[in-house]
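Heads up, start25.tsv below (TSV, C-alpha atoms):
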chain	number	residue	atom	x	y	z
I	94	MET	CA	-81.07	-207.57	-43.27
I	95	PHE	CA	-84.81	-207.05	-42.90
I	96	ARG	CA	-85.01	-210.30	-40.95
I	97	VAL	CA	-82.38	-209.02	-38.55
I	98	PHE	CA	-84.29	-205.77	-38.05
I	99	VAL	CA	-87.56	-207.57	-37.34
I	100	LEU	CA	-85.87	-209.84	-34.84
I	101	ALA	CA	-84.35	-206.84	-33.07
I	102	LEU	CA	-87.81	-205.32	-32.73
I	103	THR	CA	-89.44	-208.48	-31.45
I	104	GLY	CA	-86.66	-208.95	-28.90
I	105	LEU	CA	-86.97	-205.41	-27.59
I	106	PRO	CA	-90.19	-205.71	-25.56
I	107	ALA	CA	-88.80	-208.79	-23.82
I	108	LEU	CA	-85.69	-206.84	-22.85
I	109	LEU	CA	-87.76	-203.93	-21.54
I	110	ARG	CA	-90.00	-206.24	-19.55
I	111	ALA	CA	-86.98	-207.92	-18.04
I	112	GLU	CA	-85.79	-204.55	-16.75
I	113	THR	CA	-88.99	-204.03	-14.77
I	114	ILE	CA	-89.37	-207.55	-13.35
I	115	GLU	CA	-87.31	-206.77	-10.27
I	116	ALA	CA	-88.55	-203.18	-9.98
I	117	LEU	CA	-90.21	-202.23	-6.71
I	118	THR	CA	-93.75	-200.93	-6.47
I	119	PRO	CA	-94.26	-197.18	-5.93
I	120	ARG	CA	-95.39	-198.00	-2.38
I	121	ALA	CA	-92.13	-199.87	-1.62
I	122	ASN	CA	-90.10	-197.05	-3.17
I	123	TYR	CA	-92.03	-194.61	-0.99
I	124	LEU	CA	-91.26	-196.61	2.15
I	125	LEU	CA	-87.56	-196.98	1.38
I	126	ASN	CA	-86.98	-193.39	0.26
I	127	CYS	CA	-89.51	-191.31	2.22
I	128	GLY	CA	-91.44	-193.44	4.74
I	129	GLY	CA	-88.81	-193.34	7.50
I	130	CYS	CA	-89.44	-189.64	8.14
I	131	HIS	CA	-92.84	-189.00	6.53
I	132	GLY	CA	-94.36	-192.07	8.20
I	133	LEU	CA	-95.60	-195.36	6.76
I	134	ASN	CA	-98.86	-193.70	5.66
I	135	GLY	CA	-97.78	-190.09	5.27
I	136	VAL	CA	-98.22	-188.96	8.87
I	137	SER	CA	-95.34	-188.49	11.28
I	138	ASN	CA	-94.42	-185.70	13.71
I	139	SER	CA	-96.35	-182.98	11.88
I	140	ARG	CA	-94.20	-180.10	13.15
I	141	PHE	CA	-90.94	-181.78	12.31
I	142	VAL	CA	-91.86	-183.42	9.00
I	143	PRO	CA	-94.74	-182.20	6.79
I	144	ASN	CA	-97.76	-184.50	6.69
I	145	LEU	CA	-98.43	-185.93	3.25
I	146	LYS	CA	-101.70	-187.74	3.99
I	147	ASP	CA	-104.61	-185.63	2.67
I	148	GLN	CA	-102.30	-182.61	2.50
I	149	VAL	CA	-99.80	-182.88	-0.33
I	150	GLY	CA	-102.53	-182.89	-3.00
I	151	PHE	CA	-103.30	-179.21	-2.26
I	152	PHE	CA	-99.99	-178.17	-3.83
I	153	LEU	CA	-101.18	-179.24	-7.27
I	154	ASN	CA	-103.58	-176.27	-7.29
I	155	LEU	CA	-100.57	-174.09	-8.09
I	156	PRO	CA	-98.20	-174.63	-11.02
I	157	GLU	CA	-95.37	-173.61	-8.69
I	158	GLY	CA	-96.61	-176.16	-6.14
I	159	ARG	CA	-96.70	-178.95	-8.72
I	160	SER	CA	-93.05	-178.40	-9.55
I	161	TYR	CA	-92.05	-177.61	-5.92
I	162	VAL	CA	-92.84	-181.11	-4.65
I	163	VAL	CA	-90.50	-182.69	-7.23
I	164	ARG	CA	-87.77	-180.03	-6.97
I	165	LEU	CA	-87.41	-180.48	-3.20
I	166	PRO	CA	-83.78	-181.61	-2.68
I	167	ASN	CA	-84.58	-184.94	-1.04
I	168	VAL	CA	-86.97	-185.75	-3.89
I	169	ALA	CA	-84.80	-184.46	-6.73
I	170	PHE	CA	-81.64	-186.11	-5.33
I	171	SER	CA	-83.30	-189.36	-4.27
I	172	MET	CA	-81.61	-192.60	-5.30
I	173	THR	CA	-84.29	-193.47	-7.82
I	174	THR	CA	-84.51	-193.65	-11.59
I	175	ASP	CA	-86.71	-191.08	-13.33
I	176	GLU	CA	-89.28	-193.83	-13.94
I	177	ALA	CA	-89.33	-195.02	-10.33
I	178	LEU	CA	-89.49	-191.44	-9.02
I	179	THR	CA	-92.44	-190.68	-11.28
I	180	GLY	CA	-94.37	-193.68	-9.93
I	181	LEU	CA	-93.34	-192.72	-6.39
I	182	MET	CA	-94.52	-189.09	-6.77
I	183	ASN	CA	-97.82	-190.14	-8.31
I	184	TYR	CA	-98.30	-192.50	-5.35
I	185	VAL	CA	-97.50	-189.71	-2.88
I	186	VAL	CA	-99.68	-187.08	-4.53
I	187	PHE	CA	-102.64	-189.11	-5.80
I	188	THR	CA	-102.80	-191.96	-3.28
I	189	LEU	CA	-101.52	-190.47	-0.01
I	190	GLY	CA	-102.66	-186.94	-0.83
I	191	GLY	CA	-105.55	-188.10	-2.99
I	192	ALA	CA	-108.42	-186.61	-0.97
I	193	LYS	CA	-107.16	-183.10	-1.61
I	194	VAL	CA	-105.78	-183.32	-5.12
I	195	PRO	CA	-107.59	-181.01	-7.58
I	196	LYS	CA	-110.07	-182.90	-9.78
I	197	ASP	CA	-108.43	-181.91	-13.06
I	198	ALA	CA	-104.87	-182.70	-11.93
I	199	LYS	CA	-102.96	-184.98	-14.28
I	200	PRO	CA	-100.41	-187.58	-13.13
I	201	TYR	CA	-96.76	-186.62	-13.41
I	202	THR	CA	-95.06	-187.90	-16.55
I	203	VAL	CA	-91.55	-189.36	-16.61
I	204	ARG	CA	-90.45	-186.49	-18.84
I	205	GLU	CA	-91.84	-183.87	-16.46
I	206	VAL	CA	-90.21	-185.46	-13.40
I	207	SER	CA	-86.95	-185.95	-15.27
I	208	GLU	CA	-86.84	-182.24	-16.17
I	209	LEU	CA	-87.93	-180.97	-12.74
I	210	ARG	CA	-85.43	-183.02	-10.75
I	211	ARG	CA	-82.64	-181.46	-12.79
I	212	ILE	CA	-83.50	-178.02	-11.40
I	213	PRO	CA	-83.56	-178.79	-7.65
I	214	LEU	CA	-84.45	-176.07	-5.15
I	215	THR	CA	-81.05	-175.43	-3.64
I	216	GLU	CA	-80.84	-171.63	-3.55
I	217	VAL	CA	-83.99	-170.71	-1.64
I	218	SER	CA	-85.43	-170.89	1.87
I	219	LEU	CA	-87.60	-173.96	1.52
I	220	VAL	CA	-89.66	-173.18	4.64
I	221	GLN	CA	-90.44	-169.64	3.45
I	222	MET	CA	-91.27	-170.87	-0.03
I	223	ARG	CA	-93.63	-173.44	1.41
I	224	GLN	CA	-95.28	-170.97	3.80
I	225	ARG	CA	-95.95	-168.53	0.94
I	226	MET	CA	-97.74	-171.24	-1.03
I	227	VAL	CA	-99.58	-172.55	2.03
I	228	ARG	CA	-101.04	-169.08	2.67
I	229	ILE	CA	-102.40	-168.93	-0.88
I	230	LEU	CA	-103.74	-172.50	-0.62
I	231	ILE	CA	-105.55	-171.73	2.64
I	232	ASP	CA	-106.91	-168.35	1.44
I	233	GLN	CA	-107.95	-169.34	-2.07
I	234	TYR	CA	-108.16	-173.13	-2.30
I	235	HIS	CA	-109.87	-174.12	0.98
I	236	ALA	CA	-106.79	-175.87	2.30
I	237	THR	CA	-107.11	-176.79	5.98
I	238	SER	CA	-104.98	-175.02	8.56
I	239	ASP	CA	-103.11	-178.31	9.31
I	240	LEU	CA	-101.10	-177.52	6.21
I	241	SER	CA	-99.32	-174.74	8.09
I	242	LEU	CA	-98.34	-176.94	11.06
I	243	TYR	CA	-94.92	-177.58	9.54
I	244	GLY	CA	-92.53	-174.68	9.93
I	245	GLU	CA	-94.30	-173.17	12.94
I	246	GLY	CA	-92.59	-173.02	16.32
I	247	ASP	CA	-89.75	-175.25	17.47
I	248	TYR	CA	-88.72	-178.53	15.90
I	249	GLY	CA	-88.82	-181.74	17.85
I	250	THR	CA	-91.86	-181.11	20.01
I	251	SER	CA	-94.46	-183.84	20.07
I	252	GLN	CA	-97.80	-183.34	18.37
U	236	MET	CA	-46.45	-233.41	-56.20
U	237	THR	CA	-49.47	-232.91	-54.04
U	238	SER	CA	-50.77	-235.38	-51.54
U	239	PRO	CA	-54.37	-236.73	-51.69
U	240	PHE	CA	-55.00	-234.94	-48.43
U	241	ASP	CA	-53.97	-231.56	-49.89
U	242	ASN	CA	-56.23	-232.18	-52.90
U	243	MET	CA	-59.18	-232.99	-50.71
U	244	SER	CA	-58.80	-229.92	-48.53
U	245	GLU	CA	-58.36	-227.69	-51.58
U	246	ARG	CA	-61.59	-229.08	-53.07
U	247	LEU	CA	-63.42	-228.51	-49.82
U	248	THR	CA	-62.23	-224.91	-49.47
U	249	ARG	CA	-63.08	-224.08	-53.09
U	250	ASN	CA	-66.55	-225.58	-52.73
U	251	LEU	CA	-67.14	-223.67	-49.53
U	252	ALA	CA	-66.16	-220.41	-51.22
U	253	ARG	CA	-68.35	-221.17	-54.25
U	254	PHE	CA	-71.55	-222.09	-52.40
U	255	SER	CA	-71.53	-219.70	-49.48
U	256	SER	CA	-71.64	-215.92	-49.47
U	257	ARG	CA	-69.85	-213.75	-46.96
U	258	ARG	CA	-72.93	-211.59	-46.54
U	259	GLY	CA	-75.02	-214.65	-45.81
U	260	PHE	CA	-72.59	-215.56	-43.05
U	261	LEU	CA	-72.62	-212.02	-41.63
U	262	SER	CA	-76.41	-211.85	-41.57
U	263	LYS	CA	-76.60	-215.22	-39.80
U	264	LEU	CA	-74.01	-214.03	-37.28
U	265	GLY	CA	-76.05	-210.86	-36.76
U	266	VAL	CA	-79.18	-212.91	-36.14
U	267	ALA	CA	-77.33	-215.07	-33.62
U	268	LEU	CA	-75.91	-212.05	-31.79
U	269	LEU	CA	-79.27	-210.31	-31.56
U	270	ALA	CA	-81.16	-213.43	-30.66
U	271	ALA	CA	-78.79	-214.51	-27.88
U	272	PRO	CA	-79.95	-212.05	-25.19
U	273	VAL	CA	-83.58	-212.93	-25.91
U	274	PHE	CA	-83.31	-216.59	-24.97
U	275	PRO	CA	-82.50	-216.17	-21.27
U	276	LEU	CA	-85.70	-214.12	-21.08
U	277	LEU	CA	-87.98	-216.90	-22.25
U	278	PRO	CA	-90.67	-217.66	-19.65
U	279	VAL	CA	-88.91	-220.70	-18.22
U	280	ALA	CA	-85.67	-218.85	-17.59
U	281	ARG	CA	-87.50	-215.86	-16.18
U	282	SER	CA	-89.66	-217.81	-13.77
U	283	ALA	CA	-86.62	-219.71	-12.60
U	284	ARG	CA	-84.89	-216.43	-11.85
U	285	ALA	CA	-87.98	-215.02	-10.12
U	286	ALA	CA	-88.04	-218.00	-7.78
U	287	GLU	CA	-84.49	-217.34	-6.68
U	288	PRO	CA	-83.96	-215.24	-3.58
U	289	LYS	CA	-83.38	-211.60	-4.51
U	290	SER	CA	-79.85	-211.62	-3.20
U	291	ALA	CA	-78.84	-215.04	-4.54
U	292	GLY	CA	-75.14	-215.05	-5.12
U	293	LEU	CA	-74.80	-211.60	-3.55
U	294	LYS	CA	-75.40	-212.46	0.08
U	295	THR	CA	-74.00	-210.11	2.66
U	296	ASP	CA	-71.93	-211.48	5.56
U	297	PHE	CA	-74.95	-210.90	7.78
U	298	GLU	CA	-77.26	-212.87	5.48
U	299	ARG	CA	-74.94	-215.89	5.46
U	300	ASN	CA	-75.27	-216.23	9.25
U	301	SER	CA	-78.76	-214.91	10.03
U	302	GLN	CA	-81.45	-216.84	11.94
U	303	THR	CA	-85.18	-216.46	12.58
U	304	THR	CA	-85.69	-217.81	16.08
U	305	ASP	CA	-83.87	-215.68	18.67
U	306	ASP	CA	-84.55	-211.93	18.58
U	307	THR	CA	-82.16	-211.27	21.48
U	308	LYS	CA	-79.20	-212.07	19.23
U	309	CYS	CA	-77.58	-209.66	16.77
U	310	ASN	CA	-77.86	-212.15	13.90
U	311	TYR	CA	-81.69	-212.26	14.07
U	312	TRP	CA	-82.66	-211.62	10.45
U	313	LYS	CA	-84.57	-208.37	10.99
U	314	TYR	CA	-81.50	-206.73	12.57
U	315	CYS	CA	-79.49	-206.70	9.32
U	316	GLY	CA	-79.06	-202.91	9.59
U	317	SER	CA	-79.33	-202.49	13.39
U	318	ASP	CA	-76.72	-200.48	15.26
U	319	GLY	CA	-77.23	-200.16	19.01
U	320	VAL	CA	-78.57	-202.12	21.96
U	321	LEU	CA	-81.51	-204.43	21.26
U	322	CYS	CA	-84.83	-203.50	22.91
U	323	SER	CA	-85.60	-207.24	23.07
U	324	CYS	CA	-82.85	-207.49	25.71
U	325	CYS	CA	-84.30	-204.54	27.65
U	326	GLY	CA	-87.87	-205.59	28.42
U	327	GLY	CA	-89.26	-204.77	24.97
U	328	GLY	CA	-89.47	-206.74	21.74
U	329	HIS	CA	-87.85	-206.48	18.35
U	330	HIS	CA	-90.68	-204.15	17.33
U	331	THR	CA	-91.86	-202.76	20.67
U	332	CYS	CA	-90.30	-200.39	23.17
U	333	PRO	CA	-89.70	-201.38	26.81
U	334	PRO	CA	-92.17	-199.84	29.28
U	335	GLY	CA	-91.50	-196.13	29.81
U	336	ALA	CA	-89.62	-195.64	26.53
U	337	GLU	CA	-91.25	-193.97	23.55
U	338	PRO	CA	-90.86	-195.08	19.91
U	339	SER	CA	-89.55	-192.38	17.62
U	340	PRO	CA	-92.01	-191.44	14.84
U	341	ILE	CA	-88.96	-190.78	12.65
U	342	SER	CA	-86.81	-193.71	11.60
U	343	TRP	CA	-84.73	-194.97	8.75
U	344	ILE	CA	-86.05	-197.76	6.57
U	345	GLY	CA	-84.14	-200.54	4.85
U	346	THR	CA	-84.67	-204.13	3.77
U	347	CYS	CA	-83.59	-207.47	5.25
U	348	VAL	CA	-83.78	-210.92	3.67
U	349	ASN	CA	-85.61	-213.66	5.55
U	350	PRO	CA	-83.30	-216.69	5.32
U	351	GLU	CA	-86.26	-219.11	5.37
U	352	ASP	CA	-87.90	-217.95	2.15
U	353	GLY	CA	-85.14	-215.76	0.69
U	354	LYS	CA	-87.56	-212.85	0.34
U	355	ALA	CA	-86.64	-209.24	1.10
U	356	PHE	CA	-88.79	-207.36	3.61
U	357	VAL	CA	-89.07	-203.66	4.45
U	358	ILE	CA	-87.78	-202.96	7.96
U	359	ALA	CA	-88.27	-199.71	9.92
U	360	TYR	CA	-85.39	-199.13	12.36
U	361	ARG	CA	-87.08	-197.21	15.15
U	362	ASP	CA	-85.20	-196.14	18.24
U	363	CYS	CA	-86.90	-196.10	21.64
U	364	CYS	CA	-86.28	-192.83	23.41
U	365	GLY	CA	-86.89	-190.88	26.62
U	366	LYS	CA	-85.00	-193.13	29.06
U	367	PRO	CA	-81.29	-193.49	29.79
U	368	MET	CA	-79.48	-196.01	27.61
U	369	CYS	CA	-80.38	-199.62	28.38
U	370	GLY	CA	-77.60	-201.48	30.20
U	371	ALA	CA	-77.94	-204.89	28.54
U	372	GLY	CA	-75.06	-207.35	28.18
U	373	LYS	CA	-72.47	-207.16	25.42
U	374	SER	CA	-74.19	-209.78	23.24
U	375	CYS	CA	-77.12	-207.37	22.86
U	376	TRP	CA	-74.96	-204.64	21.32
U	377	CYS	CA	-75.14	-204.89	17.55
U	378	ASP	CA	-73.38	-203.13	14.73
U	379	ASN	CA	-74.89	-204.43	11.50
U	380	SER	CA	-74.90	-202.37	8.34
U	381	ASP	CA	-76.88	-204.00	5.51
U	382	ARG	CA	-78.38	-201.34	3.22
U	383	GLU	CA	-77.11	-198.61	5.57
U	384	LEU	CA	-75.33	-195.59	4.08
U	385	PRO	CA	-72.62	-193.25	5.37
U	386	THR	CA	-73.48	-190.17	7.46
U	387	TYR	CA	-73.52	-187.91	4.40
U	388	ARG	CA	-76.63	-189.83	3.37
U	389	SER	CA	-78.02	-189.36	6.87
U	390	SER	CA	-81.57	-190.45	6.07
U	391	LEU	CA	-80.25	-194.00	5.64
U	392	ASN	CA	-77.53	-193.90	8.29
U	393	ASN	CA	-77.57	-195.93	11.52
U	394	ASP	CA	-74.85	-194.15	13.49
U	395	ILE	CA	-77.07	-191.19	14.30
U	396	ILE	CA	-79.63	-191.38	17.09
U	397	TRP	CA	-83.13	-191.57	15.65
U	398	CYS	CA	-84.95	-189.71	18.43
U	399	PHE	CA	-85.73	-186.51	16.48
U	400	GLY	CA	-89.47	-186.48	16.72
U	401	ASN	CA	-89.73	-187.22	20.44
U	402	ALA	CA	-90.24	-185.10	23.54
U	403	SER	CA	-86.88	-186.39	24.77
U	404	ALA	CA	-84.01	-187.17	22.44
U	405	THR	CA	-82.36	-189.54	24.96
U	406	TYR	CA	-81.59	-192.90	23.32
U	407	HIS	CA	-82.70	-196.05	25.14
U	408	CYS	CA	-82.57	-198.95	22.65
U	409	SER	CA	-83.18	-200.04	19.04
U	410	THR	CA	-86.04	-201.92	17.37
U	411	ALA	CA	-86.51	-203.32	13.88
U	412	ALA	CA	-90.16	-203.44	12.85
U	413	LEU	CA	-91.30	-205.45	9.85
U	414	VAL	CA	-93.36	-203.21	7.58
U	415	GLY	CA	-94.09	-205.52	4.65
U	416	GLU	CA	-92.59	-207.39	1.75
U	417	ALA	CA	-90.16	-205.37	-0.38
U	418	LYS	CA	-91.87	-205.61	-3.76

Will you turn the file into C-alpha cells for me?
Amino acid sequence: MFRVFVLALTGLPALLRAETIEALTPRANYLLNCGGCHGLNGVSNSRFVPNLKDQVGFFLNLPEGRSYVVRLPNVAFSMTTDEALTGLMNYVVFTLGGAKVPKDAKPYTVREVSELRRIPLTEVSLVQMRQRMVRILIDQYHATSDLSLYGEGDYGTSQ
Amino acid sequence: MTSPFDNMSERLTRNLARFSSRRGFLSKLGVALLAAPVFPLLPVARSARAAEPKSAGLKTDFERNSQTTDDTKCNYWKYCGSDGVLCSCCGGGHHTCPPGAEPSPISWIGTCVNPEDGKAFVIAYRDCCGKPMCGAGKSCWCDNSDRELPTYRSSLNNDIIWCFGNASATYHCSTAALVGEAK
C-alpha cells in the first residue's frame, strides 16, 4: 500500500505540469481578454476605455481599489481560470501599471483573486465608484490628472 | 472418472490459489492504474505532443481550407474570425486601412492558426471607419467565425461594428492585424 501511495505522489507533479504546458502567458491572456478594448499596451481611446499603462497601479494605494480592479464585471466574469486571471491581473497591475504601483504592494494571490471574483460589482455605478477613488488618489497619492479622463464628457470622441 | 485435462486444470487452479494472494493482485492492479496516466507524460510523449499544431485533430472548417498567399480572399489564414468586407480589396491591406479611413482603437481579439507551421497567432480584428462602406466585389465579403462568440459576449463578437472609439462610427472595411504568437 505504501508503494502505491509513493507512486501517486511522484506522479502528481507530472500531472500538474502537464496541465500548464498548453497554458497561455499572462500577456497572451491579457491580449485575448482585455487588449481589444484596452489596447495592446494598455492605451486606447482614453475617454472611452480607461488607460491601464502607468495608471492602474495607483488603485493599489487603496484597499478598496485593490479589490475594485478584480471585482469589475468584465474581470470577474472573464473566461479565465482563477490561476490564469491571477497571472493576468498581476501583469496588468505590475507590468502595464508598474510605474505607479505602490512600492510595498504585493502581487495578487490565486486565493485572493478567487474570492474577489465571486463578489463582482454588479449593484453599483461603476463610473461613480471609480471617480470617488480617483479623487482620493489625485488628492492624496499624487496620481496624475490623466486618471480622471475616463468618465468625463461624452463617449466616443477621439483623444 | 476425470479426464487428464480436468486434473491438470484443477492442479493449476489450486496452485494459483496457494501461491498468490488476492491483496497482492489488488495492490499490483492499483499500481498499474495509478501509473498509467504518468506514462503519456514522459518527456518523449510530451515533446511529441508539443510539436503538434495546437488544433491538431480539432481543425475548424476554416482551418482545413486556409491559405497564406492571397489576402484578398476570405480563406486567407488571418481572416479566420473576419466578418465584413476586406480592406485589402479596398485600397488597404490586411492590417492597414485604405486612404481616408481611420482604424478603430477598439477591436476584438482572437487567434488564428497559420497552416504552414500549425501555430496559433493573436489577431486583432480592427475595423476601418469614417468612410461609407467599401463597395468591393462579392468575393471580398467574408463571414468567418473562428473563436468568435455570440452577441451576448459582445467583446468577442464580430457582428457588431467596431468603430466605437472613432470620430465617425461609419463602417468602411475590416482588417486582421497579427499581434504575436498565442503563447

Kindly assemble as CSV a list of the chain U residues that lie within 6 Å of chain I, each paired with its nearest atom pair and their distance in Å to one decimal, using only C-alpha atoms, sorted first by chain and then by ascending residue number.
residue,atom,partner,partner_atom,distance
U:Val266,CA,I:Val97,CA,5.6
U:Val273,CA,I:Gly104,CA,5.9
U:Pro340,CA,I:Ser137,CA,5.7
U:Ile341,CA,I:Cys130,CA,4.7
U:Ser342,CA,I:Gly129,CA,4.6
U:Trp343,CA,I:Gly129,CA,4.6
U:Ile344,CA,I:Gly129,CA,5.3
U:Phe399,CA,I:Gly249,CA,5.8
U:Gly400,CA,I:Gly249,CA,4.9
U:Asn401,CA,I:Ser251,CA,5.8
U:Ala402,CA,I:Thr250,CA,5.6
U:Ala417,CA,I:Ala121,CA,6.0
U:Lys418,CA,I:Leu117,CA,4.8

*Once you count only C-alpha atoms, which residues end up no further than 8 Å from (-77.6, -204.8, 27.0) in the file's frame, shown as number ranges by chain?*
U: 320-321, 324-325, 369-376

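Taking only C-alpha atoms into account, Pro333 (chain U) lies nearest to U:Ser409 out of the set U:Tyr387, U:Ser409, U:Ser380, U:Asn393.
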
*Give as a PyMOL selection string each residue that has an atom at most 12 Å from (-92.9, -189.6, -17.1) in the file, counting all atoms listed in the file.*
chain I and resi 174-183+199-210

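Atom pair CA of Ser390 (chain U) / CA of Arg228 (chain I): separated by 29.1 Å.
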
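Around Phe152 (chain I), within 8 Å and counting only C-alpha atoms, the residues found are I:Gly158, I:Arg159, I:Val162, I:Val194, I:Met226, I:Leu230, once anything fewer than 4 positions away on its own chain is removed.
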
*Nearest residue to Gly244 (chain I) from the set I:Tyr123, I:Pro166, I:Phe151, I:Arg225 (distances using all atoms listed in the file)*: I:Arg225

*Which value, in Å to one decimal, gives the distance between CA of Leu384 (chain U) and CA of Tyr161 (chain I)?*
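Interatomic distance here is 26.5 Å.
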